[in-house]
Amino acid sequence: MNGMKYRNIRLVISALLFLASGTSGAQTWLNVRMPDGTYRSFEVTEDLELTWGARLEHEDTSPIEAVDLRLPSGTKWASCNVGALKPEEYGGYYAWGETEEKNWYEWSTYKWCNGTNTSMTKYCTNSSYGTVDNKTMLDLEDDVAHVMWGGDWRIPTYNEFEELVDNCISEWTILNGVKGQKFTSKRNGNSIFLPAAGYRKGHDLHSVVVYGYFWTSSLEEDISVWFGSGYGLQGGSNSDRYCGLSVRPVISGIPWLTLSHSSLKVYANGSGTVKITSGSGNYTVTSSDESKATAIVENDTVTIIGKDVGEVTITVMDTNLQQTATIAVLVVVNPGLEGTWEGDMYTSYYFDYYDEYYDASYSEICFLRDPYRYASGDGYWVDYYNNYGWSRNYIANHITWTVDNGIIKIHFIEDDAYVRIRDYSLNDDYFSGYLELANGKWQNFRLRRVSSPNWGSYYWGYDRSYYGYYSNENKVSMGKTKAKNPEAFKASNTPRRIFRAREWHGGGK
């Protein structure tokens with residue numbers, strides 16, 4: 001007999017009708033009359049002190065520990081399985097919803113059916129399998145962790161197993177000669193070990209030292225989980241609820257205030273967000289230096305606004321739990337628009353003479369900042385086209401740009417046209433915002449930052465001849481000079497640049 005079974009006897013000893021002790025040679029035995037009238041003998045290997053009287057308020061019955069892994073929910077995991085006293089001990093094997101071990105695990109012996117999987121008497125949600133009661137969570141009287149250990153101990157839910165995996169470093173290892181899975185907290189370094197105890201089906205023990213199988217308390221998600229060398233946490237099937245699996249209890253605790261990120265980089269005059277992933281719902285935020293960054297909290301989102309370059313700590317406090325968490329913020333120089341961006345800018349060229357639109361496949365925009373003015377500069381805008389009959393697949397323009405009150409205004413020099421952008425945001429990789437269309441509406445866009453291409457030599461403005469002939473004076477190297485004669489491109493048959501929502505890609509109205 002293992003130590004846990006001694007523990008179980010201690011829990012019920014006040015209810016025994018008869019207690020006797022005896023000796024046989026060098027051995028000492030504790031003889032106990034069980035509730036069914038039979039007797040069982042337990043070898044005593046050390047002196048015991050037995051007392052009678054009122055039930056103890058708090059029984060210290062085993063060295064089982066509630067391990068704090070600093071999980072967001074506050075859930076604490078037992079240090080060993082039900083039926084064990086050490087982490088590496090397999091402990092007992094229990095069918096789902098049963099509280100005692102047995103010699104045979106089949107539908108014919110399962111407590112909550114009449115011998116088959118189509119005659120369920122409890123925990124049934126489908127009439128094809130028995131009497132429907134729509135119970136999906138174990139009642140406490142059917143929870144072996146609660147029945148055996150008492151207090152607030154219970155079988156974990158599937159979500160609690162997922163939380164364990166998400167917040168711990170998991171490794172297949174060996175503890176005192178026993179194979180299993182070790183889960184080490186990412187937050188405080190505490191750990192638990194789940195032995196690969198296999199499972200019981202019929203009379204046999206399967207997959208021992210290869211896989212560990214554990215019950216959850218719910219039918220709504222996976223009723224069981226398993227793991228093994230080279231496998232992460234896997235879900236099980238509720239069709240095998242008669243099998244004997246291990247049980248690792250949990251106990252609820254106070255939730256921890258946790259954040260999605262503990263550090264963040266934001267731009268001066270920019271912002272970033274951090275999610276509160278667990279907490280009570282009531283929070284305040286403070287900044288260690290409001291001249292560099294400030295923060296606001298709304299629901300479960302902390303928004304950090306960069307002010308000036310530097311390092312700052314944002315402290316989030318859960319006013320109900322009286323817990324704090326910090327965000328290390330680095331405020332850096334906003335790269336601004338400077339650079340080359342690529343994507344769909346909803347550009348079309350409209351031919352009055354033919355009454356046709358031609359839609360660009362994509363655009364490349366290069367912003368060059370004025371070295372003396374942060375919010376203005378010049379650059380280039382190239383729209384690329386496919387299969388439209390003219391000799392070159394692009395139309396290129398020089399641009400100038402300014403930013404005023406959050407609006408970017410771009411002037412196309414050769415076309416003498418304008419477009420505006422508002423509500424834009426920037427980071428190292430993307431430039432997004434809203435583009436003003438020809439009909440006065442605003443279209444959202446998202447461009448990605450790209451390396452400046454080898455611009456080579458571009459012809460600036462539209463190819464008026466339709467066959468690709470440009471006058472030499474208007475061929476210039478990009479990045480060196482602007483078109484020498486922009487007026488040459490304003491003839492009556494020159495198409496107009498239009499920004500419009502896409503109806504299709506291809507020519508025609």
# chains A, B, ... in the order shown; residues from 1 in each chain; ligands from 1
$ select_by_dssp --residues "stretch 96-307 of chain A" --states "alpha helix (DSSP H)" --output "short mmCIF file (atom, residue, chain, number, x, y, z; two decimals) with C-alpha atoms, in the first residue's frame"
data_model
loop_
_atom_site.label_atom_id
_atom_site.label_comp_id
_atom_site.auth_asym_id
_atom_site.auth_seq_id
_atom_site.Cartn_x
_atom_site.Cartn_y
_atom_site.Cartn_z
CA VAL A 144 -12.55 12.62 -7.03
CA ALA A 145 -10.11 15.42 -6.18
CA HIS A 146 -12.71 17.14 -4.04
CA VAL A 147 -14.04 13.93 -2.48
CA MET A 148 -10.61 12.56 -1.60
CA TRP A 149 -8.86 15.75 -0.57
CA TYR A 158 -9.43 22.12 -19.97
CA ASN A 159 -8.88 25.89 -20.03
CA GLU A 160 -6.80 25.61 -16.86
CA PHE A 161 -4.59 23.02 -18.56
CA GLU A 162 -4.20 25.43 -21.48
CA GLU A 163 -3.31 28.22 -19.07
CA LEU A 164 -0.68 25.96 -17.53
CA VAL A 165 0.89 25.31 -20.94
CA ASP A 166 0.70 28.94 -22.07
#
$ residues_around --residues "A:Asp222" --least-positions-apart "2" --cutoff "6 Å" --atoms "only C-alpha atoms" --output "PyMOL selection string"
chain A and resi 224+235-236
$ write_last_selection --atoms "C-alpha atoms" --output "PDB file, in the first residue's frame"
ATOM      1  CA  SER A 224      -9.108  14.709 -20.975  1.00  0.00           C
ATOM      2  CA  GLY A 235      -7.046  16.889 -26.163  1.00  0.00           C
ATOM      3  CA  GLY A 236      -8.807  13.583 -25.527  1.00  0.00           C
TER       4      GLY A 236
END
$ residues_around --residues "A:Thr402" --least-positions-apart "3" --cutoff "8 Å" --atoms "only C-alpha atoms" --output "JSON, numbers by chain"
{"A": [375, 376, 377, 408, 409, 410]}
$ closest_residue --among "A:Thr184, A:Ser287, A:Asn282, A:Asn386" --to "A:Gln322" --atoms "only C-alpha atoms"
A:Asn282
$ residues_around --residues "A:Val309" --least-positions-apart "5" --cutoff "8 Å" --atoms "only C-alpha atoms" --output "list in words"
Tyr267, Ala268, Lys292, Leu330, Val331, Val332 and Val333 of chain A
$ select_by_dssp --residues "stretch 182-328 of chain A" --states "strand (DSSP E or B)" --output "JSON, numbers by chain"
{"A": [182, 183, 184, 185, 191, 192, 193, 194, 195, 198, 199, 200, 201, 202, 204, 205, 206, 211, 212, 213, 214, 215, 218, 224, 225, 226, 227, 228, 231, 232, 233, 234, 235, 244, 245, 246, 250, 251, 258, 259, 263, 264, 265, 266, 267, 271, 272, 273, 274, 275, 276, 277, 278, 283, 284, 285, 286, 287, 293, 294, 295, 296, 297, 298, 301, 302, 303, 304, 305, 306, 310, 311, 312, 313, 314, 315, 316, 317, 318, 323, 324, 325, 326, 327, 328]}
$ write_last_selection --atoms "C-alpha atoms" --output "PDB file, in the first residue's frame"
ATOM      1  CA  LYS A 182       7.704  19.232 -16.145  1.00  0.00           C
ATOM      2  CA  PHE A 183       6.013  22.629 -16.217  1.00  0.00           C
ATOM      3  CA  THR A 184       8.129  25.559 -14.993  1.00  0.00           C
ATOM      4  CA  SER A 185       6.527  28.947 -14.459  1.00  0.00           C
ATOM      5  CA  SER A 191       7.381  23.942 -11.205  1.00  0.00           C
ATOM      6  CA  ILE A 192       5.223  20.830 -11.135  1.00  0.00           C
ATOM      7  CA  PHE A 193       5.863  17.364 -12.541  1.00  0.00           C
ATOM      8  CA  LEU A 194       3.159  15.214 -14.165  1.00  0.00           C
ATOM      9  CA  PRO A 195       4.221  11.567 -14.425  1.00  0.00           C
ATOM     10  CA  GLY A 198      -0.554   5.817 -18.809  1.00  0.00           C
ATOM     11  CA  TYR A 199      -4.180   4.746 -18.359  1.00  0.00           C
ATOM     12  CA  ARG A 200      -6.248   1.717 -17.405  1.00  0.00           C
ATOM     13  CA  LYS A 201      -8.657   0.004 -19.787  1.00  0.00           C
ATOM     14  CA  GLY A 202     -10.233  -3.279 -18.842  1.00  0.00           C
ATOM     15  CA  ASP A 204      -4.634  -3.618 -18.190  1.00  0.00           C
ATOM     16  CA  LEU A 205      -2.356  -0.640 -17.811  1.00  0.00           C
ATOM     17  CA  HIS A 206      -1.529   1.025 -21.146  1.00  0.00           C
ATOM     18  CA  TYR A 211       2.205   9.052 -22.128  1.00  0.00           C
ATOM     19  CA  GLY A 212       0.442  10.831 -19.309  1.00  0.00           C
ATOM     20  CA  TYR A 213      -3.380  11.036 -19.339  1.00  0.00           C
ATOM     21  CA  PHE A 214      -5.343  13.383 -17.075  1.00  0.00           C
ATOM     22  CA  TRP A 215      -9.039  14.113 -16.669  1.00  0.00           C
ATOM     23  CA  SER A 218     -15.819  19.488 -18.324  1.00  0.00           C
ATOM     24  CA  SER A 224      -9.108  14.709 -20.975  1.00  0.00           C
ATOM     25  CA  VAL A 225      -5.597  15.740 -21.972  1.00  0.00           C
ATOM     26  CA  TRP A 226      -2.477  13.748 -22.711  1.00  0.00           C
ATOM     27  CA  PHE A 227       1.178  14.379 -23.395  1.00  0.00           C
ATOM     28  CA  GLY A 228       4.315  12.451 -24.242  1.00  0.00           C
ATOM     29  CA  TYR A 231       4.116  15.999 -28.010  1.00  0.00           C
ATOM     30  CA  GLY A 232       2.576  19.105 -26.584  1.00  0.00           C
ATOM     31  CA  LEU A 233      -0.668  19.097 -24.666  1.00  0.00           C
ATOM     32  CA  GLN A 234      -3.286  17.155 -26.639  1.00  0.00           C
ATOM     33  CA  GLY A 235      -7.046  16.889 -26.163  1.00  0.00           C
ATOM     34  CA  GLY A 244      -8.967   4.937 -15.602  1.00  0.00           C
ATOM     35  CA  LEU A 245      -6.902   8.132 -15.872  1.00  0.00           C
ATOM     36  CA  SER A 246      -4.759  10.166 -13.528  1.00  0.00           C
ATOM     37  CA  VAL A 250      -6.080  22.352  -8.578  1.00  0.00           C
ATOM     38  CA  ILE A 251      -7.295  24.960  -6.172  1.00  0.00           C
ATOM     39  CA  THR A 258      -0.919  40.340 -15.925  1.00  0.00           C
ATOM     40  CA  LEU A 259      -0.167  42.264 -19.109  1.00  0.00           C
ATOM     41  CA  SER A 263       8.030  46.419 -22.599  1.00  0.00           C
ATOM     42  CA  LEU A 264       7.055  48.619 -25.531  1.00  0.00           C
ATOM     43  CA  LYS A 265       8.666  50.937 -28.050  1.00  0.00           C
ATOM     44  CA  VAL A 266       6.686  53.987 -29.133  1.00  0.00           C
ATOM     45  CA  TYR A 267       7.525  56.972 -31.245  1.00  0.00           C
ATOM     46  CA  SER A 271       1.266  55.754 -29.370  1.00  0.00           C
ATOM     47  CA  GLY A 272       1.112  52.052 -28.598  1.00  0.00           C
ATOM     48  CA  THR A 273      -1.134  49.710 -26.629  1.00  0.00           C
ATOM     49  CA  VAL A 274      -0.739  46.914 -24.097  1.00  0.00           C
ATOM     50  CA  LYS A 275      -3.576  44.551 -23.151  1.00  0.00           C
ATOM     51  CA  ILE A 276      -4.439  43.652 -19.554  1.00  0.00           C
ATOM     52  CA  THR A 277      -4.816  39.884 -19.877  1.00  0.00           C
ATOM     53  CA  SER A 278      -6.068  39.236 -16.339  1.00  0.00           C
ATOM     54  CA  TYR A 283      -7.230  49.872 -12.917  1.00  0.00           C
ATOM     55  CA  THR A 284      -5.215  53.069 -12.726  1.00  0.00           C
ATOM     56  CA  VAL A 285      -2.056  53.999 -14.636  1.00  0.00           C
ATOM     57  CA  THR A 286       0.825  56.322 -13.787  1.00  0.00           C
ATOM     58  CA  SER A 287       3.975  57.415 -15.605  1.00  0.00           C
ATOM     59  CA  ALA A 293       5.226  59.457 -22.030  1.00  0.00           C
ATOM     60  CA  THR A 294       1.743  59.374 -20.560  1.00  0.00           C
ATOM     61  CA  ALA A 295      -0.825  56.594 -20.415  1.00  0.00           C
ATOM     62  CA  ILE A 296      -4.574  56.087 -20.205  1.00  0.00           C
ATOM     63  CA  VAL A 297      -6.492  52.909 -19.442  1.00  0.00           C
ATOM     64  CA  GLU A 298      -9.882  51.988 -20.853  1.00  0.00           C
ATOM     65  CA  THR A 301      -6.374  48.345 -22.844  1.00  0.00           C
ATOM     66  CA  VAL A 302      -3.528  50.613 -21.756  1.00  0.00           C
ATOM     67  CA  THR A 303      -2.687  53.253 -24.372  1.00  0.00           C
ATOM     68  CA  ILE A 304       0.763  54.829 -24.065  1.00  0.00           C
ATOM     69  CA  ILE A 305       1.417  58.177 -25.745  1.00  0.00           C
ATOM     70  CA  GLY A 306       5.031  59.060 -26.541  1.00  0.00           C
ATOM     71  CA  GLY A 310      13.834  58.598 -23.501  1.00  0.00           C
ATOM     72  CA  GLU A 311      12.959  55.748 -21.148  1.00  0.00           C
ATOM     73  CA  VAL A 312       9.922  55.734 -18.887  1.00  0.00           C
ATOM     74  CA  THR A 313       8.060  53.240 -16.707  1.00  0.00           C
ATOM     75  CA  ILE A 314       4.289  52.962 -16.878  1.00  0.00           C
ATOM     76  CA  THR A 315       2.755  51.388 -13.769  1.00  0.00           C
ATOM     77  CA  VAL A 316      -0.632  49.684 -13.964  1.00  0.00           C
ATOM     78  CA  MET A 317      -2.404  49.139 -10.654  1.00  0.00           C
ATOM     79  CA  ASP A 318      -5.353  46.854  -9.996  1.00  0.00           C
ATOM     80  CA  GLN A 323      -1.399  44.517  -7.390  1.00  0.00           C
ATOM     81  CA  THR A 324       0.837  46.384  -9.816  1.00  0.00           C
ATOM     82  CA  ALA A 325       2.526  45.547 -13.098  1.00  0.00           C
ATOM     83  CA  THR A 326       4.957  47.696 -15.041  1.00  0.00           C
ATOM     84  CA  ILE A 327       5.681  48.443 -18.683  1.00  0.00           C
ATOM     85  CA  ALA A 328       9.181  49.560 -19.650  1.00  0.00           C
TER      86      ALA A 328
END
$ closest_atom_pairs --of "stretch 294-391 of chain A" --to "stretch 435-456 of chain A" --cutoff "8 Å" --atoms "only C-alpha atoms" --output "CSV"
residue,atom,partner,partner_atom,distance
A:Gly339,CA,A:Arg449,CA,7.3
A:Thr340,CA,A:Val450,CA,5.7
A:Trp341,CA,A:Arg449,CA,4.5
A:Glu342,CA,A:Leu447,CA,5.2
A:Gly343,CA,A:Leu447,CA,4.7
A:Asp344,CA,A:Phe445,CA,7.1
A:Met345,CA,A:Phe445,CA,6.6
A:Cys366,CA,A:Ser452,CA,7.9
$ write_last_selection --atoms "N, CA and C atoms" --output "PDB file, in the first residue's frame"
ATOM      1  N   GLY A 339      11.207  57.676 -46.451  1.00  0.00           N
ATOM      2  CA  GLY A 339      11.428  56.304 -46.861  1.00  0.00           C
ATOM      3  C   GLY A 339      10.575  55.968 -48.067  1.00  0.00           C
ATOM      4  N   THR A 340      10.603  54.694 -48.469  1.00  0.00           N
ATOM      5  CA  THR A 340       9.851  54.239 -49.636  1.00  0.00           C
ATOM      6  C   THR A 340       8.785  53.251 -49.195  1.00  0.00           C
ATOM      7  N   TRP A 341       7.563  53.436 -49.680  1.00  0.00           N
ATOM      8  CA  TRP A 341       6.411  52.629 -49.294  1.00  0.00           C
ATOM      9  C   TRP A 341       5.760  52.051 -50.542  1.00  0.00           C
ATOM     10  N   GLU A 342       5.184  50.851 -50.402  1.00  0.00           N
ATOM     11  CA  GLU A 342       4.611  50.177 -51.565  1.00  0.00           C
ATOM     12  C   GLU A 342       3.255  49.581 -51.207  1.00  0.00           C
ATOM     13  N   GLY A 343       2.315  49.674 -52.145  1.00  0.00           N
ATOM     14  CA  GLY A 343       0.999  49.080 -51.945  1.00  0.00           C
ATOM     15  C   GLY A 343      -0.030  49.712 -52.866  1.00  0.00           C
ATOM     16  N   ASP A 344      -1.294  49.373 -52.629  1.00  0.00           N
ATOM     17  CA  ASP A 344      -2.395  49.859 -53.459  1.00  0.00           C
ATOM     18  C   ASP A 344      -2.865  51.212 -52.947  1.00  0.00           C
ATOM     19  N   MET A 345      -2.778  52.242 -53.786  1.00  0.00           N
ATOM     20  CA  MET A 345      -3.254  53.576 -53.424  1.00  0.00           C
ATOM     21  C   MET A 345      -4.467  53.980 -54.262  1.00  0.00           C
ATOM     22  N   CYS A 366       7.996  57.523 -52.565  1.00  0.00           N
ATOM     23  CA  CYS A 366       9.227  57.840 -51.854  1.00  0.00           C
ATOM     24  C   CYS A 366       9.122  59.251 -51.293  1.00  0.00           C
TER      25      CYS A 366
END
$ atom_distance --atom1 "atom CA of A:Tyr380" --atom2 "atom CA of A:Ser348"
17.0 Å
$ closest_residue --among "A:Glu338, A:Glu65, A:Asp240, A:Glu290" --to "A:Cys80" --atoms "only C-alpha atoms"
A:Glu65
$ atom_distance --atom1 "atom CA of A:Arg497" --atom2 "atom CA of A:Tyr349"
4.7 Å
$ residues_around --residues "A:Ser119" --least-positions-apart "2" --cutoff "10 Å" --atoms "only C-alpha atoms" --output "ChimeraX atom specification"
/A:107,112-117,121-122,124,127-131
$ atom_distance --atom1 "atom CA of A:Ile223" --atom2 "atom CA of A:Tyr90"
19.7 Å
$ residues_around --residues "A:Ile64" --least-positions-apart "2" --cutoff "10 Å" --atoms "only C-alpha atoms" --output "count of residues only"
15
$ closest_residue --among "A:Trp381, A:Trp77, A:Phe431, A:Tyr94" --to "A:Ser363" --atoms "only C-alpha atoms"
A:Trp381
$ closest_residue --among "A:Thr216, A:Tyr242, A:Trp153, A:Tyr384" --to "A:Lys102" --atoms "only C-alpha atoms"
A:Tyr242
$ decode --residues "stretch 407-435 of chain A" --atoms "N, CA, C and O atoms" --output "PDB file, in the first residue's frame"
ATOM      1  N   ILE A 407      -2.983  66.352 -41.497  1.00  0.00           N
ATOM      2  CA  ILE A 407      -3.340  66.052 -42.881  1.00  0.00           C
ATOM      3  C   ILE A 407      -2.081  66.121 -43.740  1.00  0.00           C
ATOM      4  O   ILE A 407      -1.351  67.117 -43.711  1.00  0.00           O
ATOM      5  N   ILE A 408      -1.814  65.046 -44.480  1.00  0.00           N
ATOM      6  CA  ILE A 408      -0.708  65.051 -45.439  1.00  0.00           C
ATOM      7  C   ILE A 408      -1.260  65.485 -46.799  1.00  0.00           C
ATOM      8  O   ILE A 408      -2.196  64.874 -47.314  1.00  0.00           O
ATOM      9  N   LYS A 409      -0.676  66.530 -47.358  1.00  0.00           N
ATOM     10  CA  LYS A 409      -1.105  67.025 -48.671  1.00  0.00           C
ATOM     11  C   LYS A 409       0.026  66.782 -49.660  1.00  0.00           C
ATOM     12  O   LYS A 409       1.157  67.228 -49.457  1.00  0.00           O
ATOM     13  N   ILE A 410      -0.288  66.045 -50.725  1.00  0.00           N
ATOM     14  CA  ILE A 410       0.710  65.676 -51.727  1.00  0.00           C
ATOM     15  C   ILE A 410       0.371  66.349 -53.058  1.00  0.00           C
ATOM     16  O   ILE A 410      -0.772  66.290 -53.530  1.00  0.00           O
ATOM     17  N   HIS A 411       1.382  66.993 -53.653  1.00  0.00           N
ATOM     18  CA  HIS A 411       1.216  67.655 -54.952  1.00  0.00           C
ATOM     19  C   HIS A 411       2.009  66.876 -55.994  1.00  0.00           C
ATOM     20  O   HIS A 411       3.218  66.662 -55.854  1.00  0.00           O
ATOM     21  N   PHE A 412       1.315  66.448 -57.078  1.00  0.00           N
ATOM     22  CA  PHE A 412       1.958  65.777 -58.203  1.00  0.00           C
ATOM     23  C   PHE A 412       2.403  66.859 -59.189  1.00  0.00           C
ATOM     24  O   PHE A 412       1.559  67.528 -59.810  1.00  0.00           O
ATOM     25  N   ILE A 413       3.698  67.023 -59.337  1.00  0.00           N
ATOM     26  CA  ILE A 413       4.213  68.164 -60.088  1.00  0.00           C
ATOM     27  C   ILE A 413       3.858  68.068 -61.565  1.00  0.00           C
ATOM     28  O   ILE A 413       3.312  69.009 -62.158  1.00  0.00           O
ATOM     29  N   GLU A 414       4.166  66.933 -62.193  1.00  0.00           N
ATOM     30  CA  GLU A 414       3.911  66.822 -63.628  1.00  0.00           C
ATOM     31  C   GLU A 414       2.418  66.851 -63.955  1.00  0.00           C
ATOM     32  O   GLU A 414       2.011  67.416 -64.970  1.00  0.00           O
ATOM     33  N   ASP A 415       1.589  66.236 -63.091  1.00  0.00           N
ATOM     34  CA  ASP A 415       0.148  66.223 -63.336  1.00  0.00           C
ATOM     35  C   ASP A 415      -0.559  67.452 -62.784  1.00  0.00           C
ATOM     36  O   ASP A 415      -1.726  67.690 -63.086  1.00  0.00           O
ATOM     37  N   ASP A 416       0.139  68.189 -61.929  1.00  0.00           N
ATOM     38  CA  ASP A 416      -0.452  69.336 -61.240  1.00  0.00           C
ATOM     39  C   ASP A 416      -1.757  68.938 -60.550  1.00  0.00           C
ATOM     40  O   ASP A 416      -2.795  69.598 -60.679  1.00  0.00           O
ATOM     41  N   ALA A 417      -1.679  67.808 -59.852  1.00  0.00           N
ATOM     42  CA  ALA A 417      -2.840  67.298 -59.124  1.00  0.00           C
ATOM     43  C   ALA A 417      -2.478  67.152 -57.650  1.00  0.00           C
ATOM     44  O   ALA A 417      -1.301  67.188 -57.267  1.00  0.00           O
ATOM     45  N   TYR A 418      -3.522  67.002 -56.810  1.00  0.00           N
ATOM     46  CA  TYR A 418      -3.317  66.913 -55.369  1.00  0.00           C
ATOM     47  C   TYR A 418      -4.097  65.720 -54.800  1.00  0.00           C
ATOM     48  O   TYR A 418      -5.114  65.297 -55.368  1.00  0.00           O
ATOM     49  N   VAL A 419      -3.606  65.215 -53.665  1.00  0.00           N
ATOM     50  CA  VAL A 419      -4.355  64.233 -52.909  1.00  0.00           C
ATOM     51  C   VAL A 419      -4.060  64.464 -51.426  1.00  0.00           C
ATOM     52  O   VAL A 419      -2.968  64.957 -51.068  1.00  0.00           O
ATOM     53  N   ARG A 420      -5.022  64.118 -50.587  1.00  0.00           N
ATOM     54  CA  ARG A 420      -4.851  64.306 -49.149  1.00  0.00           C
ATOM     55  C   ARG A 420      -4.967  62.968 -48.414  1.00  0.00           C
ATOM     56  O   ARG A 420      -5.711  62.070 -48.822  1.00  0.00           O
ATOM     57  N   ILE A 421      -4.239  62.851 -47.301  1.00  0.00           N
ATOM     58  CA  ILE A 421      -4.256  61.668 -46.435  1.00  0.00           C
ATOM     59  C   ILE A 421      -4.497  62.127 -45.006  1.00  0.00           C
ATOM     60  O   ILE A 421      -3.890  63.093 -44.547  1.00  0.00           O
ATOM     61  N   ARG A 422      -5.380  61.423 -44.305  1.00  0.00           N
ATOM     62  CA  ARG A 422      -5.660  61.776 -42.900  1.00  0.00           C
ATOM     63  C   ARG A 422      -5.669  60.524 -42.036  1.00  0.00           C
ATOM     64  O   ARG A 422      -5.643  59.409 -42.530  1.00  0.00           O
ATOM     65  N   ASP A 423      -5.696  60.754 -40.711  1.00  0.00           N
ATOM     66  CA  ASP A 423      -5.777  59.662 -39.717  1.00  0.00           C
ATOM     67  C   ASP A 423      -4.754  58.575 -40.010  1.00  0.00           C
ATOM     68  O   ASP A 423      -5.047  57.391 -40.002  1.00  0.00           O
ATOM     69  N   TYR A 424      -3.534  59.004 -40.251  1.00  0.00           N
ATOM     70  CA  TYR A 424      -2.501  58.038 -40.624  1.00  0.00           C
ATOM     71  C   TYR A 424      -1.697  57.606 -39.400  1.00  0.00           C
ATOM     72  O   TYR A 424      -1.668  58.287 -38.362  1.00  0.00           O
ATOM     73  N   SER A 425      -1.053  56.462 -39.525  1.00  0.00           N
ATOM     74  CA  SER A 425      -0.164  55.972 -38.482  1.00  0.00           C
ATOM     75  C   SER A 425       1.046  55.338 -39.133  1.00  0.00           C
ATOM     76  O   SER A 425       0.980  54.840 -40.265  1.00  0.00           O
ATOM     77  N   LEU A 426       2.155  55.350 -38.409  1.00  0.00           N
ATOM     78  CA  LEU A 426       3.422  54.872 -38.933  1.00  0.00           C
ATOM     79  C   LEU A 426       4.111  53.978 -37.916  1.00  0.00           C
ATOM     80  O   LEU A 426       4.010  54.198 -36.710  1.00  0.00           O
ATOM     81  N   ASN A 427       4.798  52.966 -38.408  1.00  0.00           N
ATOM     82  CA  ASN A 427       5.765  52.259 -37.584  1.00  0.00           C
ATOM     83  C   ASN A 427       6.924  51.864 -38.479  1.00  0.00           C
ATOM     84  O   ASN A 427       7.029  52.344 -39.615  1.00  0.00           O
ATOM     85  N   ASP A 428       7.800  51.018 -37.995  1.00  0.00           N
ATOM     86  CA  ASP A 428       8.977  50.675 -38.783  1.00  0.00           C
ATOM     87  C   ASP A 428       8.631  49.970 -40.087  1.00  0.00           C
ATOM     88  O   ASP A 428       9.405  49.997 -41.045  1.00  0.00           O
ATOM     89  N   ASP A 429       7.479  49.333 -40.136  1.00  0.00           N
ATOM     90  CA  ASP A 429       7.167  48.471 -41.271  1.00  0.00           C
ATOM     91  C   ASP A 429       5.985  48.922 -42.118  1.00  0.00           C
ATOM     92  O   ASP A 429       5.906  48.546 -43.286  1.00  0.00           O
ATOM     93  N   TYR A 430       5.029  49.678 -41.536  1.00  0.00           N
ATOM     94  CA  TYR A 430       3.803  49.981 -42.267  1.00  0.00           C
ATOM     95  C   TYR A 430       3.404  51.452 -42.134  1.00  0.00           C
ATOM     96  O   TYR A 430       3.668  52.103 -41.124  1.00  0.00           O
ATOM     97  N   PHE A 431       2.755  51.929 -43.180  1.00  0.00           N
ATOM     98  CA  PHE A 431       2.186  53.275 -43.245  1.00  0.00           C
ATOM     99  C   PHE A 431       0.729  53.091 -43.654  1.00  0.00           C
ATOM    100  O   PHE A 431       0.429  52.577 -44.730  1.00  0.00           O
ATOM    101  N   SER A 432      -0.191  53.470 -42.774  1.00  0.00           N
ATOM    102  CA  SER A 432      -1.614  53.282 -43.055  1.00  0.00           C
ATOM    103  C   SER A 432      -2.366  54.559 -42.750  1.00  0.00           C
ATOM    104  O   SER A 432      -1.889  55.434 -42.021  1.00  0.00           O
ATOM    105  N   GLY A 433      -3.558  54.661 -43.318  1.00  0.00           N
ATOM    106  CA  GLY A 433      -4.372  55.835 -43.100  1.00  0.00           C
ATOM    107  C   GLY A 433      -5.568  55.841 -44.029  1.00  0.00           C
ATOM    108  O   GLY A 433      -5.999  54.784 -44.518  1.00  0.00           O
ATOM    109  N   TYR A 434      -6.080  57.052 -44.298  1.00  0.00           N
ATOM    110  CA  TYR A 434      -7.241  57.206 -45.176  1.00  0.00           C
ATOM    111  C   TYR A 434      -6.892  58.191 -46.294  1.00  0.00           C
ATOM    112  O   TYR A 434      -6.367  59.275 -46.051  1.00  0.00           O
ATOM    113  N   LEU A 435      -7.224  57.777 -47.522  1.00  0.00           N
ATOM    114  CA  LEU A 435      -6.913  58.532 -48.729  1.00  0.00           C
ATOM    115  C   LEU A 435      -8.194  59.157 -49.258  1.00  0.00           C
ATOM    116  O   LEU A 435      -9.233  58.489 -49.338  1.00  0.00           O
TER     117      LEU A 435
END
